[in-house]
>>> print(open('query-v7.cif').read())   # mmCIF, C-alpha atoms
data_my_file
loop_
_atom_site.group_PDB
_atom_site.id
_atom_site.type_symbol
_atom_site.label_atom_id
_atom_site.label_comp_id
_atom_site.auth_asym_id
_atom_site.auth_seq_id
_atom_site.Cartn_x
_atom_site.Cartn_y
_atom_site.Cartn_z
ATOM 1 C CA MET A 214 14.363 7.666 -7.061
ATOM 2 C CA ARG A 215 16.136 5.410 -9.558
ATOM 3 C CA SER A 216 19.484 6.023 -7.877
ATOM 4 C CA ILE A 217 18.003 4.999 -4.500
ATOM 5 C CA LEU A 218 16.176 1.950 -5.855
ATOM 6 C CA PRO A 219 18.319 0.626 -8.710
ATOM 7 C CA LEU A 220 15.612 -1.557 -10.275
ATOM 8 C CA ASP A 221 17.001 -1.058 -13.792
ATOM 9 C CA SER A 222 20.635 -1.867 -13.072
ATOM 10 C CA LYS A 223 22.612 -4.994 -12.244
ATOM 11 C CA LEU A 224 21.562 -4.461 -8.634
ATOM 12 C CA ALA A 225 17.875 -4.990 -9.535
ATOM 13 C CA TRP A 226 17.780 -8.113 -7.377
ATOM 14 C CA ALA A 227 19.152 -6.306 -4.307
ATOM 15 C CA TRP A 228 16.076 -4.319 -3.268
ATOM 16 C CA PRO A 229 13.608 -7.273 -3.347
ATOM 17 C CA ALA A 230 16.247 -9.417 -1.633
ATOM 18 C CA VAL A 231 16.695 -6.856 1.164
ATOM 19 C CA ALA A 232 12.902 -6.568 1.573
ATOM 20 C CA ALA A 233 12.472 -10.375 1.663
ATOM 21 C CA LEU A 234 15.313 -10.686 4.187
ATOM 22 C CA ALA A 235 13.821 -7.960 6.402
ATOM 23 C CA VAL A 236 10.452 -9.750 6.392
ATOM 24 C CA LEU A 237 12.077 -13.117 7.083
ATOM 25 C CA VAL A 238 13.946 -11.640 10.053
ATOM 26 C CA ALA A 239 10.684 -10.095 11.301
ATOM 27 C CA ILE A 240 8.764 -13.400 11.027
ATOM 28 C CA LEU A 241 11.523 -15.321 12.804
ATOM 29 C CA ALA A 242 11.688 -12.660 15.517
ATOM 30 C CA ILE A 243 7.900 -12.768 16.015
ATOM 31 C CA CYS A 244 7.856 -16.582 16.240
ATOM 32 C CA LEU A 245 11.088 -17.226 18.121
ATOM 33 C CA LEU A 246 12.327 -14.085 19.881
ATOM 34 C CA ALA A 247 9.124 -12.463 21.134
ATOM 35 C CA PRO A 248 8.190 -13.714 24.601
ATOM 36 C CA THR A 249 4.715 -15.184 25.041
ATOM 37 C CA GLU A 250 2.464 -12.781 26.902
ATOM 38 C CA ARG A 251 1.106 -14.104 30.209
ATOM 39 C CA THR A 252 -2.625 -13.290 29.906
ATOM 40 C CA MET A 253 -3.272 -13.377 26.141
ATOM 41 C CA GLY A 254 -0.782 -16.072 25.159
ATOM 42 C CA HIS A 255 0.093 -16.433 21.445
ATOM 43 C CA ALA A 256 -2.803 -14.182 20.376
ATOM 44 C CA GLN A 257 -0.798 -11.197 21.643
ATOM 45 C CA ARG A 258 1.683 -11.766 18.783
ATOM 46 C CA ILE A 259 -0.980 -10.314 16.460
ATOM 47 C CA VAL A 260 0.139 -6.919 17.807
ATOM 48 C CA TYR A 261 3.424 -7.127 15.863
ATOM 49 C CA VAL A 262 1.662 -7.313 12.524
ATOM 50 C CA HIS A 263 -1.302 -5.142 13.557
ATOM 51 C CA VAL A 264 0.895 -2.183 14.581
ATOM 52 C CA ALA A 265 3.093 -2.554 11.478
ATOM 53 C CA SER A 266 0.093 -2.528 9.125
ATOM 54 C CA ALA A 267 -1.494 0.386 11.040
ATOM 55 C CA TRP A 268 1.752 2.361 10.652
ATOM 56 C CA LEU A 269 1.752 1.683 6.904
ATOM 57 C CA GLY A 270 -1.932 2.630 6.660
ATOM 58 C CA LEU A 271 -1.072 6.037 8.142
ATOM 59 C CA ILE A 272 2.121 6.462 6.085
ATOM 60 C CA GLY A 273 0.157 5.608 2.921
ATOM 61 C CA PHE A 274 -2.324 8.403 3.588
ATOM 62 C CA LEU A 275 0.432 10.914 4.354
ATOM 63 C CA LEU A 276 2.242 9.956 1.117
ATOM 64 C CA MET A 277 -1.025 10.275 -0.780
ATOM 65 C CA GLY A 278 -1.726 13.729 0.685
ATOM 66 C CA ALA A 279 1.850 14.951 0.095
ATOM 67 C CA SER A 280 1.869 13.651 -3.507
ATOM 68 C CA GLY A 281 -1.520 15.281 -4.108
ATOM 69 C CA LEU A 282 -0.230 18.586 -2.786
ATOM 70 C CA VAL A 283 2.868 18.464 -5.007
ATOM 71 C CA TYR A 284 0.639 17.586 -7.989
ATOM 72 C CA LEU A 285 -1.557 20.654 -7.331
ATOM 73 C CA VAL A 286 1.563 22.855 -7.275
ATOM 74 C CA ARG A 287 3.443 21.328 -10.246
ATOM 75 C CA ARG A 288 0.598 19.761 -12.318
ATOM 76 C CA ASP A 289 2.885 16.817 -13.063
ATOM 77 C CA LEU A 290 0.990 13.496 -13.398
ATOM 78 C CA ALA A 291 3.992 11.585 -12.027
ATOM 79 C CA TRP A 292 2.940 12.768 -8.552
ATOM 80 C CA ASP A 293 -0.586 11.522 -9.154
ATOM 81 C CA ARG A 294 0.831 8.089 -9.949
ATOM 82 C CA TRP A 295 2.719 8.115 -6.627
ATOM 83 C CA ALA A 296 -0.538 9.073 -4.901
ATOM 84 C CA GLN A 297 -2.466 6.241 -6.559
ATOM 85 C CA ALA A 298 0.203 3.663 -5.704
ATOM 86 C CA ALA A 299 0.233 4.876 -2.078
ATOM 87 C CA ALA A 300 -3.585 4.745 -1.971
ATOM 88 C CA GLU A 301 -3.776 1.138 -3.172
ATOM 89 C CA LEU A 302 -1.160 -0.071 -0.692
ATOM 90 C CA GLY A 303 -2.564 2.117 2.083
ATOM 91 C CA TRP A 304 -6.033 0.692 1.462
ATOM 92 C CA LEU A 305 -4.611 -2.836 1.786
ATOM 93 C CA SER A 306 -2.634 -1.966 4.945
ATOM 94 C CA SER A 307 -5.568 -0.149 6.499
ATOM 95 C CA GLY A 308 -7.894 -3.063 5.745
ATOM 96 C CA LEU A 309 -5.428 -5.529 7.257
ATOM 97 C CA THR A 310 -5.213 -3.303 10.347
ATOM 98 C CA LEU A 311 -8.979 -3.582 10.826
ATOM 99 C CA VAL A 312 -8.987 -7.358 10.267
ATOM 100 C CA THR A 313 -6.001 -8.127 12.521
ATOM 101 C CA GLY A 314 -7.345 -5.676 15.112
ATOM 102 C CA SER A 315 -10.666 -7.480 15.060
ATOM 103 C CA LEU A 316 -8.944 -10.833 15.644
ATOM 104 C CA TRP A 317 -6.954 -9.307 18.520
ATOM 105 C CA ALA A 318 -10.131 -7.717 19.960
ATOM 106 C CA HIS A 319 -11.923 -11.049 19.923
ATOM 107 C CA ALA A 320 -9.081 -12.618 21.910
ATOM 108 C CA ALA A 321 -8.659 -9.672 24.306
ATOM 109 C CA TRP A 322 -12.163 -8.187 24.694
ATOM 110 C CA ASN A 323 -14.301 -11.122 23.518
ATOM 111 C CA THR A 324 -15.849 -9.009 20.767
ATOM 112 C CA TRP A 325 -14.990 -8.565 17.076
ATOM 113 C CA TRP A 326 -15.846 -4.881 17.013
ATOM 114 C CA THR A 327 -16.671 -2.092 19.431
ATOM 115 C CA TRP A 328 -17.388 1.599 18.782
ATOM 116 C CA ASP A 329 -14.121 2.768 20.325
ATOM 117 C CA PRO A 330 -12.781 6.181 19.099
ATOM 118 C CA ARG A 331 -9.533 4.663 17.754
ATOM 119 C CA LEU A 332 -11.460 1.941 15.934
ATOM 120 C CA ILE A 333 -13.899 4.456 14.447
ATOM 121 C CA ALA A 334 -11.050 6.746 13.294
ATOM 122 C CA SER A 335 -9.264 3.736 11.743
ATOM 123 C CA PHE A 336 -12.445 2.687 9.961
ATOM 124 C CA VAL A 337 -12.888 6.262 8.656
ATOM 125 C CA LEU A 338 -9.294 6.087 7.333
ATOM 126 C CA TRP A 339 -10.076 2.864 5.452
ATOM 127 C CA ALA A 340 -13.341 4.380 4.167
ATOM 128 C CA GLY A 341 -11.332 7.432 3.034
ATOM 129 C CA TYR A 342 -9.015 5.218 1.009
ATOM 130 C CA SER A 343 -12.011 3.390 -0.484
ATOM 131 C CA ALA A 344 -13.749 6.671 -1.410
ATOM 132 C CA TYR A 345 -10.522 7.987 -2.975
ATOM 133 C CA LEU A 346 -10.048 4.891 -5.142
ATOM 134 C CA LEU A 347 -13.736 4.710 -6.142
ATOM 135 C CA ALA A 348 -13.853 8.428 -7.016
ATOM 136 C CA ARG A 349 -10.704 8.128 -9.166
ATOM 137 C CA GLY A 350 -12.128 5.147 -11.007
ATOM 138 C CA ASN A 351 -15.066 7.214 -12.261
ATOM 139 C CA VAL A 352 -13.080 10.057 -13.877
ATOM 140 C CA GLU A 353 -11.596 9.607 -17.377
ATOM 141 C CA ASP A 354 -9.560 12.791 -17.815
ATOM 142 C CA PRO A 355 -6.150 12.252 -16.115
ATOM 143 C CA HIS A 356 -5.716 15.822 -14.863
ATOM 144 C CA ARG A 357 -9.300 16.076 -13.599
ATOM 145 C CA ARG A 358 -8.813 12.716 -11.856
ATOM 146 C CA ALA A 359 -5.540 13.905 -10.326
ATOM 147 C CA ARG A 360 -7.107 17.172 -9.081
ATOM 148 C CA LEU A 361 -10.067 15.367 -7.511
ATOM 149 C CA GLY A 362 -7.728 12.789 -5.962
ATOM 150 C CA ALA A 363 -5.421 15.465 -4.574
ATOM 151 C CA VAL A 364 -8.292 17.340 -2.888
ATOM 152 C CA LEU A 365 -9.735 14.125 -1.413
ATOM 153 C CA ALA A 366 -6.294 13.014 -0.198
ATOM 154 C CA ILE A 367 -5.499 16.353 1.449
ATOM 155 C CA VAL A 368 -8.892 16.520 3.185
ATOM 156 C CA GLY A 369 -8.609 12.866 4.233
ATOM 157 C CA THR A 370 -5.161 13.455 5.737
ATOM 158 C CA LEU A 371 -6.951 15.298 8.578
ATOM 159 C CA ASP A 372 -8.001 11.867 9.887
ATOM 160 C CA VAL A 373 -4.367 10.771 10.408
ATOM 161 C CA PRO A 374 -3.739 12.825 13.611
ATOM 162 C CA LEU A 375 -7.190 11.745 14.801
ATOM 163 C CA VAL A 376 -6.217 8.061 14.500
ATOM 164 C CA ILE A 377 -2.929 8.666 16.323
ATOM 165 C CA MET A 378 -4.376 10.800 19.115
ATOM 166 C CA ALA A 379 -7.793 9.103 19.492
ATOM 167 C CA THR A 380 -6.697 7.113 22.534
ATOM 168 C CA ARG A 381 -5.456 10.287 24.282
ATOM 169 C CA TRP A 382 -8.184 12.738 23.285
ATOM 170 C CA PHE A 383 -11.169 10.448 23.861
ATOM 171 C CA ARG A 384 -12.019 7.800 26.397
ATOM 172 C CA GLY A 385 -12.032 4.288 24.955
ATOM 173 C CA ILE A 386 -10.829 0.742 25.544
ATOM 174 C CA HIS A 387 -8.075 0.605 22.890
ATOM 175 C CA PRO A 388 -4.634 0.464 24.593
ATOM 176 C CA THR A 389 -2.814 3.827 24.504
ATOM 177 C CA SER A 390 0.767 2.615 24.371
ATOM 178 C CA PRO A 391 1.067 -0.856 25.806
ATOM 179 C CA GLY A 392 3.932 -1.358 28.232
ATOM 180 C CA MET A 393 6.270 -3.796 26.521
ATOM 181 C CA GLU A 394 9.380 -5.693 27.493
ATOM 182 C CA PRO A 395 12.573 -4.654 25.625
ATOM 183 C CA ALA A 396 12.478 -7.932 23.631
ATOM 184 C CA MET A 397 8.901 -7.213 22.553
ATOM 185 C CA ARG A 398 9.811 -3.668 21.497
ATOM 186 C CA LEU A 399 12.723 -5.019 19.439
ATOM 187 C CA VAL A 400 10.474 -7.538 17.674
ATOM 188 C CA LEU A 401 7.892 -4.814 17.011
ATOM 189 C CA LEU A 402 10.621 -2.635 15.486
ATOM 190 C CA ALA A 403 11.830 -5.545 13.307
ATOM 191 C CA SER A 404 8.264 -6.141 12.145
ATOM 192 C CA ILE A 405 7.734 -2.458 11.288
ATOM 193 C CA VAL A 406 11.050 -2.369 9.353
ATOM 194 C CA GLY A 407 10.204 -5.610 7.467
ATOM 195 C CA PHE A 408 6.710 -4.525 6.462
ATOM 196 C CA THR A 409 7.928 -1.024 5.536
ATOM 197 C CA ALA A 410 10.541 -2.574 3.215
ATOM 198 C CA ILE A 411 7.847 -4.629 1.435
ATOM 199 C CA PHE A 412 5.542 -1.589 1.271
ATOM 200 C CA ALA A 413 8.309 0.574 -0.252
ATOM 201 C CA LEU A 414 9.153 -2.092 -2.826
ATOM 202 C CA LEU A 415 5.517 -2.577 -3.871
ATOM 203 C CA LEU A 416 5.008 1.195 -3.949
ATOM 204 C CA VAL A 417 7.898 1.710 -6.368
ATOM 205 C CA LEU A 418 6.871 -1.260 -8.546
ATOM 206 C CA ARG A 419 3.263 -0.079 -8.753
ATOM 207 C CA GLN A 420 4.289 3.510 -9.524
ATOM 208 C CA ARG A 421 6.488 2.270 -12.368
ATOM 209 C CA GLN A 422 3.680 0.086 -13.661
ATOM 210 C CA LEU A 423 1.274 3.041 -13.603
ATOM 211 C CA ARG A 424 3.836 5.051 -15.598
ATOM 212 C CA LEU A 425 4.050 2.234 -18.162
ATOM 213 C CA GLU A 426 0.234 2.081 -18.355
ATOM 214 C CA TRP A 427 0.171 5.834 -19.009
ATOM 215 C CA LEU A 428 2.793 5.504 -21.783
ATOM 216 C CA VAL A 429 0.958 2.569 -23.431
ATOM 217 C CA ASP A 430 -2.377 4.459 -23.274
ATOM 218 C CA GLY A 431 -0.718 7.432 -24.977
ATOM 219 C CA LEU A 432 0.774 5.239 -27.723
ATOM 220 C CA GLU A 433 -2.558 3.445 -28.296
ATOM 221 C CA GLN A 434 -4.314 6.795 -28.703
ATOM 222 C CA GLU A 435 -1.626 7.906 -31.186
ATOM 223 C CA ALA A 436 -1.959 4.658 -33.145
ATOM 224 C CA GLU A 437 -5.742 5.183 -33.479
ATOM 225 C CA MET B 161 -2.820 -19.705 18.647
ATOM 226 C CA VAL B 162 -5.654 -19.939 16.076
ATOM 227 C CA ALA B 163 -6.170 -16.156 16.114
ATOM 228 C CA PHE B 164 -2.416 -15.556 15.695
ATOM 229 C CA VAL B 165 -2.099 -17.964 12.751
ATOM 230 C CA THR B 166 -5.297 -16.622 11.112
ATOM 231 C CA ALA B 167 -4.058 -13.024 11.388
ATOM 232 C CA TYR B 168 -0.699 -13.857 9.780
ATOM 233 C CA LEU B 169 -2.296 -15.951 7.030
ATOM 234 C CA LEU B 170 -4.678 -13.100 6.212
ATOM 235 C CA VAL B 171 -1.821 -10.584 6.061
ATOM 236 C CA TRP B 172 0.242 -12.755 3.723
ATOM 237 C CA CYS B 173 -2.809 -13.541 1.589
ATOM 238 C CA GLY B 174 -3.316 -9.785 1.257
ATOM 239 C CA VAL B 175 0.298 -9.184 0.198
ATOM 240 C CA LEU B 176 0.252 -12.181 -2.147
ATOM 241 C CA GLY B 177 -3.054 -11.059 -3.660
ATOM 242 C CA TYR B 178 -1.603 -7.625 -4.361
ATOM 243 C CA LEU B 179 1.480 -9.195 -5.952
ATOM 244 C CA LEU B 180 -0.684 -11.451 -8.163
ATOM 245 C CA ARG B 181 -2.757 -8.438 -9.238
ATOM 246 C CA LEU B 182 0.462 -6.562 -10.034
ATOM 247 C CA GLY B 183 1.662 -9.538 -12.117
ATOM 248 C CA ALA B 184 -1.662 -9.842 -14.000
ATOM 249 C CA ARG B 185 -1.594 -6.131 -14.861
ATOM 250 C CA GLN B 186 2.007 -6.466 -16.026
ATOM 251 C CA ARG B 187 1.059 -9.337 -18.364
ATOM 252 C CA ARG B 188 -1.822 -7.270 -19.794
ATOM 253 C CA LEU B 189 0.587 -4.371 -20.357
ATOM 254 C CA GLU B 190 3.074 -6.641 -22.149
ATOM 255 C CA GLN B 191 0.267 -7.901 -24.419
ATOM 256 C CA ALA B 192 -0.757 -4.302 -25.161
ATOM 257 C CA VAL B 193 2.853 -3.429 -26.055
ATOM 258 C CA GLU B 194 3.098 -6.497 -28.328
ATOM 259 C CA SER B 195 -0.148 -5.634 -30.144
ATOM 260 C CA LEU B 196 1.077 -2.032 -30.542
ATOM 261 C CA GLN B 197 4.345 -3.273 -32.044
ATOM 262 C CA ALA B 198 2.421 -5.519 -34.454
ATOM 263 C CA ARG B 199 0.160 -2.636 -35.476
ATOM 264 C CA ILE B 200 3.141 -0.350 -36.066
ATOM 265 C CA ALA B 201 4.869 -3.046 -38.161
ATOM 266 C CA GLN B 202 1.737 -3.544 -40.293
ATOM 267 C CA SER B 203 0.983 0.148 -40.820
ATOM 268 C CA PRO B 204 1.245 1.407 -44.484
ATOM 269 C CA GLU B 205 3.859 4.037 -43.514
ATOM 270 C CA THR B 206 6.145 1.357 -42.089
ATOM 271 C CA GLU B 207 5.673 -0.873 -45.199
ATOM 272 C CA GLN B 208 6.458 2.069 -47.477
ATOM 273 C CA ALA B 209 9.593 2.938 -45.499
ATOM 274 C CA THR B 210 10.680 -0.713 -45.593
ATOM 275 C CA SER B 211 10.213 -1.009 -49.395
ATOM 276 C CA GLN B 212 12.078 2.286 -49.962
ATOM 277 C CA ALA B 213 14.963 1.078 -47.851
ATOM 278 C CA ALA B 214 15.030 -2.199 -49.818
#
>>> encode(input="query-v7.cif", output="structure tokens")
Amino acid sequence: MRSILPLDSKLAWAWPAVAALAVLVAILAICLLAPTERTMGHAQRIVYVHVASAWLGLIGFLLMGASGLVYLVRRDLAWDRWAQAAAELGWLSSGLTLVTGSLWAHAAWNTWWTWDPRLIASFVLWAGYSAYLLARGNVEDPHRRARLGAVLAIVGTLDVPLVIMATRWFRGIHPTSPGMEPAMRLVLLASIVGFTAIFALLLVLRQRQLRLEWLVDGLEQEAE
Amino acid sequence: MVAFVTAYLLVWCGVLGYLLRLGARQRRLEQAVESLQARIAQSPETEQATSQAA
């Protein structure tokens, strides 16, 4: 990972700079390039950030589940740290998906919340993240915590296909795949790339911080 | 327009909040490392090794 993200070398500035540039391009594209939708007006632009955060909410859970699975096979706590970092960022992304979705729903459907299958599945995803983080916080032993986290993450991953397919498998009012103009699709892609770059940067930084915390805890125990 | 601006402000507040939390944790870690270094420097073994070297 260090060779991909050279945060220790002279190129340490490059990764945050690329992420900041990607986000700047996305914001400019959303404000200037994306055409204003005829019926919803500017409120439709929420979609660009809502879809990007929803994508990261799903990716976070998949990363968490995959890291948990590798931990169960290898029993290496490094994978548990990846899982925790993914959970924290996934929880944030998933929460922002619900909030931005609610704002969009109020503009489009004149209601903040409705019991639509996609909305319920998304809420369950956020609740899954919350349960994972709360459960981890109550276990002291690192390996016990990692095992519990891995099982919760793998079971919770079952909700990911449900979120994706909810609009096709069940009848609801959430748009399936909104028909978009090419310019809108391009802006959506730029937004997803920008937010993914920030997510990846924060994920790596948090994982490294968790590693440092683990090292300091070990040294403090040795000193006592 | 209000909904659009609110949504973007909330998203950036979320990202900024996470960054601030990351920074606060980093400062706490640095303090823990400093106190560990001080404890190691003050430990009798370190003092003995220093006097022997002198």
>>> resolve_selection(input="query-v7.cif", expression="the PyMOL selection byres ((chain A) within 9 of (chain B))", output="ChimeraX atom specification")
/A:254-259,262-263,266,302,305-306,309,312-314,316-317,319-320,411,415,418-419,422,425-426,429,432-433,436
>>> resolve_selection(input="query-v7.cif", expression="the PyMOL selection byres ((chain A and resi 238-241) around 12)", output="PyMOL selection string")
(chain A and resi 231-237+242-247+258-259+261-262+265+397+399-411) or (chain B and resi 165+168+172)
>>> axis_aligned_box(input="query-v7.cif", around="range 199-204 of chain B", padding_each_side="6 Å", output="JSON")
{"center_x": 2.5, "center_y": -1.1, "center_z": -40.0, "size_x": 16.7, "size_y": 17.0, "size_z": 21.0}
>>> resolve_selection(input="query-v7.cif", expression="the PyMOL selection byres ((chain A and resi 270) around 7)", output="ChimeraX atom specification")
/A:266-269,271-274,303-304,306-307
>>> atom_distance(input="query-v7.cif", atom1="CA of Leu275 in chain A", atom2="CA of Phe412 in chain A")
13.9 Å
